Amino acid sequence: DTAFHATLPPAARTYALPAAWRERWGVRRYGFHGLSHAWIARRAPELLGHSPSALRIVSCHLGAGASLCAIADGRSIDTTMGFTPLEGLVMATRSGSVDPGLLLWLLERTGMAERELADALESGLLGLAGTADMREVLTRADEGERDAQLAVEVYLHRLRSAIAAMAASLDGLDALVFTGRVGERSAVIRARTVAGLGFLGLATDGQRNASAEGDVEITERRAKARTLVVHAREDLEIARQARAAV
């Protein structure tokens with residue numbers, strides 16, 4: 001599931017850590033959800049009628065786990081997950097990126113055990129709102145529950161920021177693609193994400209977004225960049241790679 005990110009350039013895959021660590025233990029950013037992002041790298045150009053080399057794509061795999069990938073020429077050039085799947089976005093039961101200094105402070109000042117700290121990092125939406133189910137979080141937020149509202153805002157803030165970072169790695173953006181359980185099923189998350197990214201030329205059509213099913217474009221007519229919803233098909237990507245191997 002990391003193979004698609006083997007094309008990450010040195011600047012995107014390297015941590016600013018001692019060379020001895022990197023050489024001895026292979027410490028680097030590996031990225032995950034590679035099968036899903038690889039499918040998007042092939043499927044999105046098909047839907048838009050372009051060759052992969054003509055598109056700069058940000059793929060948003062939003063499910064229980066969540067990650068983004070910057071795709072150029074059909075290859076991964078940046079991603080949000082790193083050495084482990086904990087880095088990056090807020091997820092259902094993963095915190096996403098946290099200041100490592102905070103973790104050291106907790107270990108040194110509170111006497112917290114390493115196992116307790118590891119368990120706390122497996123929180124994400126669950127830690128913010130008491131549930132890992134985005135549907136439930138959104139329902140509670142609509143009902144005025146403050147913890148759920150905060151959880152949605154934190155989730156969207158991190159997501160928008162990371163999309164903008166991926167677009168910067170691409171030196172622009174031609175298409176934003178939502179996939180994964182949340183990405184495919186939540187019109188609210190898609191609409192609110194894109195609403196904060198107008199400066200990238202993105203805008204969604206409200207009706208097309210609300211009724212999106214399967215692989216479909218939801219771009220607002222005057223938008224400069226395209227927005228798609230694509231059904232995750234890691235199974236087809238596995239089959240394609242297996243066939244290529246034999």
# chains A, B, ... in the order shown; residues from 1 in each chain; ligands from 1
>>> residues_around(residues="A:Asp119", least_positions_apart="5", cutoff="10 Å", atoms="only C-alpha atoms", output="JSON, numbers by chain")
{"A": [93, 94, 113, 114]}
>>> residues_around(residues="stretch 142-158 of chain A", least_positions_apart="6", cutoff="10 Å", atoms="only C-alpha atoms", output="list in words")
Gly88, Leu89, Val90, Met91, Ala92, Gly96, Ser97, Gly124, Leu125, Leu126, Gly127, Leu128, Ala129, Gly130, Thr131, Met134, Glu136, Ile189, Arg190, Arg192, Thr193, Val194 and Gly196 of chain A
>>> residues_around(residues="stretch 47-55 of chain A", least_positions_apart="5", cutoff="12 Å", atoms="only C-alpha atoms", output="compact mmCIF listing (two decimals) with all heavy atoms, in the first residue's frame")
# COMPACT_ATOMS: atom_id res chain seq x y z
N ALA A 38 -3.47 5.44 -6.45
CA ALA A 38 -3.08 4.96 -7.78
C ALA A 38 -4.30 4.81 -8.67
O ALA A 38 -4.25 5.11 -9.88
CB ALA A 38 -2.34 3.63 -7.66
N TRP A 39 -5.42 4.34 -8.10
CA TRP A 39 -6.65 4.23 -8.87
C TRP A 39 -7.12 5.62 -9.34
O TRP A 39 -7.52 5.80 -10.48
CB TRP A 39 -7.73 3.54 -8.04
CG TRP A 39 -9.09 3.55 -8.67
CD1 TRP A 39 -10.18 4.28 -8.28
CD2 TRP A 39 -9.51 2.83 -9.83
NE1 TRP A 39 -11.24 4.05 -9.10
CE2 TRP A 39 -10.87 3.16 -10.07
CE3 TRP A 39 -8.87 1.94 -10.69
CZ2 TRP A 39 -11.58 2.63 -11.14
CZ3 TRP A 39 -9.58 1.40 -11.75
CH2 TRP A 39 -10.93 1.74 -11.97
N ILE A 40 -7.06 6.59 -8.45
CA ILE A 40 -7.46 7.95 -8.81
C ILE A 40 -6.57 8.49 -9.91
O ILE A 40 -7.03 9.20 -10.83
CB ILE A 40 -7.42 8.87 -7.58
CG1 ILE A 40 -8.43 8.40 -6.51
CG2 ILE A 40 -7.68 10.32 -7.98
CD1 ILE A 40 -9.86 8.34 -6.99
N ALA A 41 -5.28 8.18 -9.85
CA ALA A 41 -4.34 8.67 -10.85
C ALA A 41 -4.71 8.19 -12.25
O ALA A 41 -4.40 8.86 -13.25
CB ALA A 41 -2.92 8.23 -10.51
N ARG A 42 -5.36 7.04 -12.36
CA ARG A 42 -5.78 6.51 -13.66
C ARG A 42 -7.22 6.88 -13.98
O ARG A 42 -7.55 7.20 -15.12
CB ARG A 42 -5.64 4.99 -13.67
CG ARG A 42 -4.20 4.52 -13.56
CD ARG A 42 -4.01 3.07 -13.93
NE ARG A 42 -4.91 2.20 -13.19
CZ ARG A 42 -5.87 1.47 -13.76
NH1 ARG A 42 -6.07 1.56 -15.06
NH2 ARG A 42 -6.62 0.68 -13.03
N ALA A 70 -0.61 14.28 -3.85
CA ALA A 70 -0.40 15.18 -4.98
C ALA A 70 0.12 14.33 -6.13
O ALA A 70 1.16 13.67 -6.01
CB ALA A 70 0.61 16.26 -4.62
N ILE A 71 -0.62 14.33 -7.25
CA ILE A 71 -0.32 13.45 -8.38
C ILE A 71 0.00 14.30 -9.61
O ILE A 71 -0.80 15.14 -10.02
CB ILE A 71 -1.50 12.52 -8.69
CG1 ILE A 71 -1.83 11.65 -7.46
CG2 ILE A 71 -1.22 11.66 -9.90
CD1 ILE A 71 -3.13 10.90 -7.57
N ALA A 72 1.16 14.07 -10.20
CA ALA A 72 1.57 14.74 -11.44
C ALA A 72 2.14 13.69 -12.38
O ALA A 72 2.90 12.81 -11.95
CB ALA A 72 2.62 15.81 -11.16
N ASP A 73 1.75 13.73 -13.65
CA ASP A 73 2.19 12.72 -14.62
C ASP A 73 1.82 11.32 -14.17
O ASP A 73 2.53 10.35 -14.45
CB ASP A 73 3.71 12.77 -14.82
CG ASP A 73 4.11 13.79 -15.86
OD1 ASP A 73 3.27 14.13 -16.70
OD2 ASP A 73 5.27 14.24 -15.81
N GLY A 74 0.71 11.20 -13.42
CA GLY A 74 0.27 9.90 -12.94
C GLY A 74 1.09 9.35 -11.79
O GLY A 74 0.91 8.19 -11.39
N ARG A 75 1.98 10.16 -11.22
CA ARG A 75 2.87 9.70 -10.15
C ARG A 75 2.66 10.49 -8.87
O ARG A 75 2.33 11.68 -8.92
CB ARG A 75 4.34 9.82 -10.57
CG ARG A 75 4.71 9.01 -11.79
CD ARG A 75 6.18 9.23 -12.19
NE ARG A 75 6.42 10.62 -12.57
CZ ARG A 75 7.15 11.47 -11.86
NH1 ARG A 75 7.68 11.10 -10.71
NH2 ARG A 75 7.34 12.70 -12.28
N SER A 76 2.90 9.85 -7.74
CA SER A 76 2.82 10.53 -6.45
C SER A 76 4.06 11.38 -6.25
O SER A 76 5.20 10.90 -6.35
CB SER A 76 2.72 9.50 -5.32
OG SER A 76 2.87 10.12 -4.05
N ALA A 167 -1.46 21.25 -3.40
CA ALA A 167 -1.51 22.08 -4.61
C ALA A 167 -0.22 22.86 -4.79
O ALA A 167 0.26 23.06 -5.91
CB ALA A 167 -2.70 23.04 -4.54
N LEU A 170 2.32 20.78 -6.35
CA LEU A 170 2.04 20.58 -7.77
C LEU A 170 2.23 21.85 -8.59
O LEU A 170 2.11 21.82 -9.82
CB LEU A 170 0.59 20.10 -7.95
CG LEU A 170 0.26 18.70 -7.45
CD1 LEU A 170 -1.26 18.51 -7.38
CD2 LEU A 170 0.89 17.65 -8.35
N ASP A 171 2.48 22.97 -7.92
CA ASP A 171 2.55 24.27 -8.58
C ASP A 171 1.25 24.60 -9.30
O ASP A 171 1.22 25.12 -10.41
CB ASP A 171 3.71 24.31 -9.57
CG ASP A 171 4.04 25.73 -10.05
OD1 ASP A 171 3.73 26.68 -9.30
OD2 ASP A 171 4.57 25.88 -11.16
N GLY A 172 0.13 24.27 -8.63
CA GLY A 172 -1.19 24.52 -9.20
C GLY A 172 -2.07 23.30 -9.09
O GLY A 172 -1.64 22.25 -8.61
N LEU A 173 -3.30 23.44 -9.55
CA LEU A 173 -4.26 22.35 -9.40
C LEU A 173 -5.22 22.33 -10.58
O LEU A 173 -5.78 23.36 -10.95
CB LEU A 173 -5.06 22.55 -8.09
CG LEU A 173 -6.16 21.55 -7.78
CD1 LEU A 173 -5.58 20.17 -7.52
CD2 LEU A 173 -6.95 22.02 -6.56
N ASP A 174 -5.40 21.14 -11.16
CA ASP A 174 -6.37 20.96 -12.24
C ASP A 174 -7.61 20.21 -11.77
O ASP A 174 -8.71 20.46 -12.27
CB ASP A 174 -5.74 20.19 -13.41
CG ASP A 174 -4.57 20.94 -14.02
OD1 ASP A 174 -4.75 22.12 -14.35
OD2 ASP A 174 -3.49 20.34 -14.15
N ALA A 175 -7.43 19.29 -10.81
CA ALA A 175 -8.58 18.49 -10.36
C ALA A 175 -8.41 18.08 -8.90
O ALA A 175 -7.32 17.67 -8.48
CB ALA A 175 -8.74 17.25 -11.23
N LEU A 176 -9.50 18.19 -8.16
CA LEU A 176 -9.58 17.71 -6.78
C LEU A 176 -10.54 16.53 -6.79
O LEU A 176 -11.66 16.63 -7.31
CB LEU A 176 -10.12 18.80 -5.86
CG LEU A 176 -10.29 18.45 -4.38
CD1 LEU A 176 -8.94 18.27 -3.72
CD2 LEU A 176 -11.10 19.54 -3.67
N VAL A 177 -10.12 15.40 -6.23
CA VAL A 177 -10.92 14.18 -6.30
C VAL A 177 -11.18 13.66 -4.89
O VAL A 177 -10.25 13.44 -4.11
CB VAL A 177 -10.21 13.09 -7.12
CG1 VAL A 177 -11.12 11.86 -7.25
CG2 VAL A 177 -9.82 13.61 -8.50
N GLY A 214 -21.61 7.22 -7.47
CA GLY A 214 -20.63 6.62 -8.37
C GLY A 214 -19.54 7.62 -8.74
O GLY A 214 -19.20 8.52 -7.97
N ASP A 215 -19.00 7.47 -9.95
CA ASP A 215 -17.95 8.35 -10.43
C ASP A 215 -18.59 9.51 -11.18
O ASP A 215 -19.20 9.31 -12.24
CB ASP A 215 -17.01 7.59 -11.36
CG ASP A 215 -16.28 6.46 -10.65
OD1 ASP A 215 -16.40 6.37 -9.42
OD2 ASP A 215 -15.59 5.68 -11.33
N VAL A 216 -18.45 10.72 -10.64
CA VAL A 216 -19.19 11.85 -11.21
C VAL A 216 -18.44 13.15 -10.96
O VAL A 216 -17.72 13.29 -9.97
CB VAL A 216 -20.61 11.91 -10.60
CG1 VAL A 216 -20.54 12.20 -9.10
CG2 VAL A 216 -21.48 12.94 -11.30
N GLU A 217 -18.63 14.11 -11.86
CA GLU A 217 -18.07 15.44 -11.67
C GLU A 217 -19.09 16.33 -10.97
O GLU A 217 -20.28 16.29 -11.29
CB GLU A 217 -17.68 16.06 -13.02
CG GLU A 217 -17.00 17.41 -12.87
CD GLU A 217 -16.43 17.95 -14.17
OE1 GLU A 217 -16.53 17.24 -15.19
OE2 GLU A 217 -15.87 19.07 -14.14
N ILE A 218 -18.62 17.13 -10.02
CA ILE A 218 -19.52 18.01 -9.27
C ILE A 218 -19.07 19.46 -9.36
O ILE A 218 -19.42 20.29 -8.52
CB ILE A 218 -19.63 17.57 -7.80
CG1 ILE A 218 -18.25 17.58 -7.11
CG2 ILE A 218 -20.26 16.18 -7.68
CD1 ILE A 218 -18.32 17.36 -5.60
N THR A 219 -18.32 19.79 -10.40
CA THR A 219 -17.78 21.13 -10.57
C THR A 219 -18.86 22.16 -10.87
O THR A 219 -19.76 21.90 -11.67
CB THR A 219 -16.77 21.14 -11.73
OG1 THR A 219 -15.83 20.07 -11.55
CG2 THR A 219 -16.03 22.46 -11.81
N ALA A 225 -10.91 24.99 -11.78
CA ALA A 225 -10.40 23.64 -11.51
C ALA A 225 -11.59 22.69 -11.35
O ALA A 225 -12.68 23.12 -10.93
CB ALA A 225 -9.52 23.63 -10.27
N ARG A 226 -11.40 21.43 -11.64
CA ARG A 226 -12.48 20.46 -11.64
C ARG A 226 -12.55 19.73 -10.29
O ARG A 226 -11.53 19.53 -9.62
CB ARG A 226 -12.27 19.42 -12.75
CG ARG A 226 -11.86 20.02 -14.08
CD ARG A 226 -12.97 20.65 -14.83
NE ARG A 226 -13.84 19.68 -15.48
CZ ARG A 226 -13.60 19.15 -16.69
NH1 ARG A 226 -12.50 19.49 -17.36
NH2 ARG A 226 -14.46 18.30 -17.22
N THR A 227 -13.75 19.32 -9.90
CA THR A 227 -13.95 18.55 -8.67
C THR A 227 -14.72 17.29 -9.01
O THR A 227 -15.77 17.35 -9.66
CB THR A 227 -14.71 19.36 -7.61
OG1 THR A 227 -14.04 20.60 -7.36
CG2 THR A 227 -14.80 18.58 -6.31
N LEU A 228 -14.21 16.15 -8.56
CA LEU A 228 -14.80 14.85 -8.87
C LEU A 228 -15.07 14.06 -7.60
O LEU A 228 -14.41 14.25 -6.57
CB LEU A 228 -13.87 14.02 -9.75
CG LEU A 228 -13.40 14.59 -11.08
CD1 LEU A 228 -12.39 13.65 -11.72
CD2 LEU A 228 -14.57 14.84 -12.01
N VAL A 229 -16.03 13.15 -7.70
CA VAL A 229 -16.23 12.11 -6.69
C VAL A 229 -15.99 10.79 -7.41
O VAL A 229 -16.60 10.52 -8.46
CB VAL A 229 -17.65 12.14 -6.11
CG1 VAL A 229 -17.81 11.04 -5.05
CG2 VAL A 229 -17.96 13.50 -5.50
N VAL A 230 -15.09 9.96 -6.88
CA VAL A 230 -14.75 8.69 -7.52
C VAL A 230 -14.82 7.57 -6.50
O VAL A 230 -14.26 7.68 -5.41
CB VAL A 230 -13.33 8.74 -8.15
CG1 VAL A 230 -12.91 7.38 -8.68
CG2 VAL A 230 -13.29 9.78 -9.27
>>> select_by_dssp(residues="stretch 5-246 of chain A", states="strand (DSSP E or B)", output="PyMOL selection string")
chain A and resi 56-62+66-72+75-79+175-179+204+216-217+219+226-229
>>> atom_distance(atom1="atom CA of A:Asp1", atom2="atom CA of A:His33")
5.7 Å
>>> closest_residue(among="A:Thr204, A:Ser59, A:Thr179, A:Ser186", to="A:Ile77", atoms="only C-alpha atoms")
A:Ser59
